[in-house]
Amino acid sequence: MASEVDFPRHLLELEALTREQIELLLDLAARFKHERAKARKGSAPPERRELLRGRTIITLFFEHSTRTRSSFEVAARSLGADVLSFQKDASSVAKGESLEDTVRNLDAIGADALVVRHPAAGAPRLVARAVRASVINAGDGAHEHPTQGLLDALSLRERWGTLENKTVAIVGDIAHSRVARSNIHCLSKLGARVRVGGPRTLIPEGIEKLGCTVARDLREALTGADAVMALRIQNERIADARLPGARDYSRTWGLDARSLEMLPRDALVMHPGPVNRGVEMSSDVLESPRSLVMDQVDSGVAVRMAALCLCLRAEVKR
Ligand code: NCD
């Protein structure tokens, strides 16, 4: 795909990308998503396994994952790459080897790309400095989760055509959420207005500086919004007890049939997963026709295919 837009070799954060770079990636991801949908219906899509044939992609997850890891691996395989899944607990990390030494060794083994998830914000940047391979951030602490922001934008753009002048409410644990940060950067660069809301202790001071407004309660967050994204309370990142219990939380910030009446009728409901049913969102909302949750997962494979192609300079011709 001939393009005037340069794309970085590492995908570390959406804060650093321009609107043009984001759109370049989303356009390519939209093609891949469309081809995957056609293939499911039985028609033969263009052969994509040549794009990364002979390349080695290693996924290194120092935190749990269901969607992100499997969709990176499916994406890489569908492009013909060899995929290796690094197991932290079965590796020499368990013997005390540092992150930098670990990745230098994987680099020497011949990785072309390292897909890194780590509890420490900034870890993928550290890895990028230590290796020759491209590095893709698959979530670093409470900092960013760039491919999640991109897949959310892809699902919304497909529904709406454009994000320009749309309002997206993000509700939940904003303070500890890398998904919130990547989405604030991504959606606002694409022209949407972003509102955040959640329990007072979970809204970081100064979050407005990232380019969003803060809603005081669920009604204020949902009124007039075109989509709402619910986030999980990131218990694993919270050391103190200033937290509302699950019952309290679901009463004040949870999305159920009743609270959804505050939303415009055609507004969409999203969640990055994993969902705690009955806490952030009730089962009927999760499974309702206005829920984009499974479409977000589908977008995830296509976005990760596009990210791998762009970072590894694969030339997509048609
Ligand atoms: C999120 C994550 O790990 O940041 N999940 C995901 O990647 N889809 C959100 C979460 O864990 O709540």
# chains A, B, ... in the order shown; residues from 1 in each chain; ligands from 1

call {"tool": "residues_near_ligand", "arguments": {"ligand": "ligand 1", "cutoff": "7 Å", "atoms": "only C-alpha atoms and all ligand atoms", "output": "list of chain:residue names"}}
result
A:Ser65, A:Arg67, A:Thr68, A:Gly139, A:His145, A:Gln148, A:Ser177, A:Arg178, A:Val179, A:Leu231, A:Arg232, A:Ile233, A:Gln234, A:Pro272, A:Gly273, A:Pro274

call {"tool": "closest_atom_pairs", "arguments": {"of": "stretch 236-279 of chain A", "to": "stretch 212-222 of chain A", "cutoff": "12 Å", "atoms": "only C-alpha atoms", "output": "CSV"}}
result
residue,atom,partner,partner_atom,distance
A:Tyr249,CA,A:Leu218,CA,11.1
A:Ser250,CA,A:Leu218,CA,10.9
A:Arg251,CA,A:Leu218,CA,10.1
A:Thr252,CA,A:Leu218,CA,7.0
A:Trp253,CA,A:Leu218,CA,5.8
A:Gly254,CA,A:Leu218,CA,8.5
A:Leu255,CA,A:Leu218,CA,9.0
A:Asp256,CA,A:Leu218,CA,11.6
A:Arg258,CA,A:Arg219,CA,11.3
A:Ser259,CA,A:Leu218,CA,8.0
A:Leu260,CA,A:Leu222,CA,8.0
A:Glu261,CA,A:Leu222,CA,9.1
A:Met262,CA,A:Leu222,CA,5.9
A:Leu263,CA,A:Leu222,CA,5.3
A:Pro264,CA,A:Leu222,CA,8.2
A:Arg265,CA,A:Leu222,CA,11.3
A:Ala267,CA,A:Leu222,CA,9.4
A:Leu268,CA,A:Leu222,CA,10.9
A:Val269,CA,A:Leu222,CA,10.7

call {"tool": "residues_around", "arguments": {"residues": "stretch 23-34 of chain A", "least_positions_apart": "5", "cutoff": "8 Å", "atoms": "only C-alpha atoms", "output": "ChimeraX atom specification"}}
result
/A:5,150,154,298-299,301-307,310

call {"tool": "residues_around", "arguments": {"residues": "A:Ala76", "least_positions_apart": "4", "cutoff": "9 Å", "atoms": "only C-alpha atoms", "output": "count of residues only"}}
result
12

call {"tool": "residues_around", "arguments": {"residues": "stretch 275-277 of chain A", "least_positions_apart": "3", "cutoff": "9 Å", "atoms": "only C-alpha atoms", "output": "number ranges by chain"}}
result
A: 230-232, 271-272, 280-283, 286

call {"tool": "atom_distance", "arguments": {"atom1": "atom CA of A:Arg193", "atom2": "atom CA of A:Asn165"}}
result
6.6 Å

call {"tool": "closest_residue", "arguments": {"among": "A:Val74, A:Ala142, A:Val194, A:Ala239", "to": "A:Gly300", "atoms": "only C-alpha atoms"}}
result
A:Val74

call {"tool": "select_by_dssp", "arguments": {"residues": "stretch 50-165 of chain A", "states": "strand (DSSP E or B)", "output": "PyMOL selection string"}}
result
chain A and resi 56-61+82-86+113-118+134-140+144

call {"tool": "atom_distance", "arguments": {"atom1": "atom CA of A:Leu190", "atom2": "atom CA of A:Pro8"}}
result
18.6 Å

call {"tool": "closest_residue", "arguments": {"among": "A:Leu79, A:Met229, A:Leu243, A:Cys309", "to": "A:Ala153", "atoms": "only C-alpha atoms"}}
result
A:Met229

call {"tool": "residues_around", "arguments": {"residues": "A:Ala111", "least_positions_apart": "6", "cutoff": "9 Å", "atoms": "only C-alpha atoms", "output": "ChimeraX atom specification"}}
result
/A:55-58,132-134

call {"tool": "select_by_dssp", "arguments": {"residues": "stretch 12-188 of chain A", "states": "alpha helix (DSSP H)", "output": "ChimeraX atom specification"}}
result
/A:19-40,67-78,99-109,123-130,146-160,178-188

call {"tool": "closest_residue", "arguments": {"among": "A:Leu106, A:Arg129, A:Gly224, A:Glu15", "to": "A:Ser182", "atoms": "only C-alpha atoms"}}
result
A:Glu15

call {"tool": "atom_distance", "arguments": {"atom1": "atom CA of A:Asp226", "atom2": "atom CA of A:Asp266"}}
result
7.5 Å

call {"tool": "residues_around", "arguments": {"residues": "A:Leu163", "least_positions_apart": "6", "cutoff": "8 Å", "atoms": "only C-alpha atoms", "output": "list in words"}}
result
Leu156, Arg157, Leu187, Leu190, Gly191 and Ala192 of chain A

call {"tool": "closest_residue", "arguments": {"among": "A:His143, A:Arg48, A:Arg237, A:Lys317", "to": "A:Ala123", "atoms": "only C-alpha atoms"}}
result
A:His143

call {"tool": "closest_residue", "arguments": {"among": "A:Ser98, A:Gln87, A:Thr223, A:Thr18", "to": "A:Phe61", "atoms": "only C-alpha atoms"}}
result
A:Gln87

call {"tool": "decode", "arguments": {"residues": "stretch 214-241 of chain A", "atoms": "N, CA, C and O atoms", "output": "PDB file, in the first residue's frame"}}
result
ATOM      1  N   VAL A 214     -14.935  15.682  32.619  1.00  0.00           N
ATOM      2  CA  VAL A 214     -15.267  14.731  33.686  1.00  0.00           C
ATOM      3  C   VAL A 214     -16.741  14.889  34.067  1.00  0.00           C
ATOM      4  O   VAL A 214     -17.205  16.001  34.321  1.00  0.00           O
ATOM      5  N   ALA A 215     -17.477  13.771  34.079  1.00  0.00           N
ATOM      6  CA  ALA A 215     -18.884  13.785  34.491  1.00  0.00           C
ATOM      7  C   ALA A 215     -18.968  13.390  35.959  1.00  0.00           C
ATOM      8  O   ALA A 215     -18.236  12.495  36.402  1.00  0.00           O
ATOM      9  N   ARG A 216     -19.860  14.051  36.710  1.00  0.00           N
ATOM     10  CA  ARG A 216     -19.942  13.779  38.155  1.00  0.00           C
ATOM     11  C   ARG A 216     -20.736  12.524  38.475  1.00  0.00           C
ATOM     12  O   ARG A 216     -20.538  11.872  39.488  1.00  0.00           O
ATOM     13  N   ASP A 217     -21.704  12.200  37.637  1.00  0.00           N
ATOM     14  CA  ASP A 217     -22.482  10.984  37.916  1.00  0.00           C
ATOM     15  C   ASP A 217     -22.859  10.313  36.595  1.00  0.00           C
ATOM     16  O   ASP A 217     -22.566  10.836  35.518  1.00  0.00           O
ATOM     17  N   LEU A 218     -23.498   9.154  36.718  1.00  0.00           N
ATOM     18  CA  LEU A 218     -23.771   8.370  35.511  1.00  0.00           C
ATOM     19  C   LEU A 218     -24.727   9.117  34.573  1.00  0.00           C
ATOM     20  O   LEU A 218     -24.564   9.072  33.347  1.00  0.00           O
ATOM     21  N   ARG A 219     -25.683   9.832  35.163  1.00  0.00           N
ATOM     22  CA  ARG A 219     -26.624  10.567  34.312  1.00  0.00           C
ATOM     23  C   ARG A 219     -25.891  11.606  33.469  1.00  0.00           C
ATOM     24  O   ARG A 219     -26.100  11.705  32.254  1.00  0.00           O
ATOM     25  N   GLU A 220     -24.986  12.336  34.102  1.00  0.00           N
ATOM     26  CA  GLU A 220     -24.240  13.350  33.367  1.00  0.00           C
ATOM     27  C   GLU A 220     -23.344  12.693  32.300  1.00  0.00           C
ATOM     28  O   GLU A 220     -23.171  13.214  31.200  1.00  0.00           O
ATOM     29  N   ALA A 221     -22.798  11.522  32.622  1.00  0.00           N
ATOM     30  CA  ALA A 221     -21.930  10.829  31.653  1.00  0.00           C
ATOM     31  C   ALA A 221     -22.732  10.349  30.445  1.00  0.00           C
ATOM     32  O   ALA A 221     -22.275  10.441  29.300  1.00  0.00           O
ATOM     33  N   LEU A 222     -23.945   9.854  30.692  1.00  0.00           N
ATOM     34  CA  LEU A 222     -24.684   9.186  29.605  1.00  0.00           C
ATOM     35  C   LEU A 222     -25.567  10.128  28.783  1.00  0.00           C
ATOM     36  O   LEU A 222     -25.855   9.830  27.618  1.00  0.00           O
ATOM     37  N   THR A 223     -25.970  11.228  29.379  1.00  0.00           N
ATOM     38  CA  THR A 223     -26.917  12.100  28.674  1.00  0.00           C
ATOM     39  C   THR A 223     -26.307  12.608  27.359  1.00  0.00           C
ATOM     40  O   THR A 223     -25.256  13.236  27.349  1.00  0.00           O
ATOM     41  N   GLY A 224     -26.965  12.274  26.265  1.00  0.00           N
ATOM     42  CA  GLY A 224     -26.517  12.758  24.954  1.00  0.00           C
ATOM     43  C   GLY A 224     -25.305  12.035  24.391  1.00  0.00           C
ATOM     44  O   GLY A 224     -24.802  12.394  23.320  1.00  0.00           O
ATOM     45  N   ALA A 225     -24.786  10.991  25.084  1.00  0.00           N
ATOM     46  CA  ALA A 225     -23.600  10.285  24.569  1.00  0.00           C
ATOM     47  C   ALA A 225     -23.989   9.384  23.388  1.00  0.00           C
ATOM     48  O   ALA A 225     -25.088   8.829  23.349  1.00  0.00           O
ATOM     49  N   ASP A 226     -23.090   9.239  22.419  1.00  0.00           N
ATOM     50  CA  ASP A 226     -23.335   8.347  21.280  1.00  0.00           C
ATOM     51  C   ASP A 226     -22.863   6.928  21.568  1.00  0.00           C
ATOM     52  O   ASP A 226     -23.275   5.986  20.903  1.00  0.00           O
ATOM     53  N   ALA A 227     -21.956   6.800  22.527  1.00  0.00           N
ATOM     54  CA  ALA A 227     -21.512   5.459  22.951  1.00  0.00           C
ATOM     55  C   ALA A 227     -21.015   5.558  24.371  1.00  0.00           C
ATOM     56  O   ALA A 227     -20.543   6.617  24.802  1.00  0.00           O
ATOM     57  N   VAL A 228     -21.128   4.450  25.080  1.00  0.00           N
ATOM     58  CA  VAL A 228     -20.554   4.383  26.425  1.00  0.00           C
ATOM     59  C   VAL A 228     -19.665   3.151  26.521  1.00  0.00           C
ATOM     60  O   VAL A 228     -20.027   2.074  26.056  1.00  0.00           O
ATOM     61  N   MET A 229     -18.483   3.358  27.081  1.00  0.00           N
ATOM     62  CA  MET A 229     -17.538   2.260  27.265  1.00  0.00           C
ATOM     63  C   MET A 229     -17.386   2.039  28.764  1.00  0.00           C
ATOM     64  O   MET A 229     -17.027   2.964  29.493  1.00  0.00           O
ATOM     65  N   ALA A 230     -17.694   0.816  29.227  1.00  0.00           N
ATOM     66  CA  ALA A 230     -17.578   0.516  30.655  1.00  0.00           C
ATOM     67  C   ALA A 230     -16.226  -0.138  30.913  1.00  0.00           C
ATOM     68  O   ALA A 230     -15.765  -0.962  30.119  1.00  0.00           O
ATOM     69  N   LEU A 231     -15.592   0.234  32.012  1.00  0.00           N
ATOM     70  CA  LEU A 231     -14.289  -0.334  32.350  1.00  0.00           C
ATOM     71  C   LEU A 231     -14.352  -1.083  33.665  1.00  0.00           C
ATOM     72  O   LEU A 231     -15.093  -0.700  34.572  1.00  0.00           O
ATOM     73  N   ARG A 232     -13.530  -2.111  33.759  1.00  0.00           N
ATOM     74  CA  ARG A 232     -13.438  -2.930  34.970  1.00  0.00           C
ATOM     75  C   ARG A 232     -12.642  -2.174  36.047  1.00  0.00           C
ATOM     76  O   ARG A 232     -11.705  -1.439  35.723  1.00  0.00           O
ATOM     77  N   ILE A 233     -12.983  -2.406  37.300  1.00  0.00           N
ATOM     78  CA  ILE A 233     -12.133  -1.895  38.382  1.00  0.00           C
ATOM     79  C   ILE A 233     -10.859  -2.742  38.377  1.00  0.00           C
ATOM     80  O   ILE A 233     -10.928  -3.969  38.467  1.00  0.00           O
ATOM     81  N   GLN A 234      -9.712  -2.098  38.265  1.00  0.00           N
ATOM     82  CA  GLN A 234      -8.440  -2.820  38.121  1.00  0.00           C
ATOM     83  C   GLN A 234      -7.893  -3.181  39.506  1.00  0.00           C
ATOM     84  O   GLN A 234      -6.884  -2.620  39.949  1.00  0.00           O
ATOM     85  N   ASN A 235      -8.573  -4.118  40.172  1.00  0.00           N
ATOM     86  CA  ASN A 235      -8.198  -4.450  41.556  1.00  0.00           C
ATOM     87  C   ASN A 235      -6.710  -4.766  41.704  1.00  0.00           C
ATOM     88  O   ASN A 235      -6.098  -4.461  42.720  1.00  0.00           O
ATOM     89  N   GLU A 236      -6.141  -5.381  40.667  1.00  0.00           N
ATOM     90  CA  GLU A 236      -4.732  -5.772  40.757  1.00  0.00           C
ATOM     91  C   GLU A 236      -3.790  -4.572  40.817  1.00  0.00           C
ATOM     92  O   GLU A 236      -2.618  -4.709  41.144  1.00  0.00           O
ATOM     93  N   ARG A 237      -4.275  -3.381  40.455  1.00  0.00           N
ATOM     94  CA  ARG A 237      -3.411  -2.193  40.511  1.00  0.00           C
ATOM     95  C   ARG A 237      -3.740  -1.286  41.696  1.00  0.00           C
ATOM     96  O   ARG A 237      -3.241  -0.184  41.797  1.00  0.00           O
ATOM     97  N   ILE A 238      -4.638  -1.740  42.564  1.00  0.00           N
ATOM     98  CA  ILE A 238      -5.092  -0.861  43.629  1.00  0.00           C
ATOM     99  C   ILE A 238      -4.651  -1.422  44.976  1.00  0.00           C
ATOM    100  O   ILE A 238      -5.027  -2.536  45.350  1.00  0.00           O
ATOM    101  N   ALA A 239      -3.831  -0.624  45.673  1.00  0.00           N
ATOM    102  CA  ALA A 239      -3.264  -1.141  46.921  1.00  0.00           C
ATOM    103  C   ALA A 239      -4.135  -0.800  48.133  1.00  0.00           C
ATOM    104  O   ALA A 239      -4.174  -1.535  49.103  1.00  0.00           O
ATOM    105  N   ASP A 240      -4.854   0.310  48.091  1.00  0.00           N
ATOM    106  CA  ASP A 240      -5.575   0.710  49.304  1.00  0.00           C
ATOM    107  C   ASP A 240      -7.057   0.366  49.223  1.00  0.00           C
ATOM    108  O   ASP A 240      -7.537  -0.226  48.264  1.00  0.00           O
ATOM    109  N   ALA A 241      -7.772   0.772  50.270  1.00  0.00           N
ATOM    110  CA  ALA A 241      -9.157   0.316  50.386  1.00  0.00           C
ATOM    111  C   ALA A 241     -10.167   1.430  50.091  1.00  0.00           C
ATOM    112  O   ALA A 241     -11.282   1.386  50.569  1.00  0.00           O
TER     113      ALA A 241
END
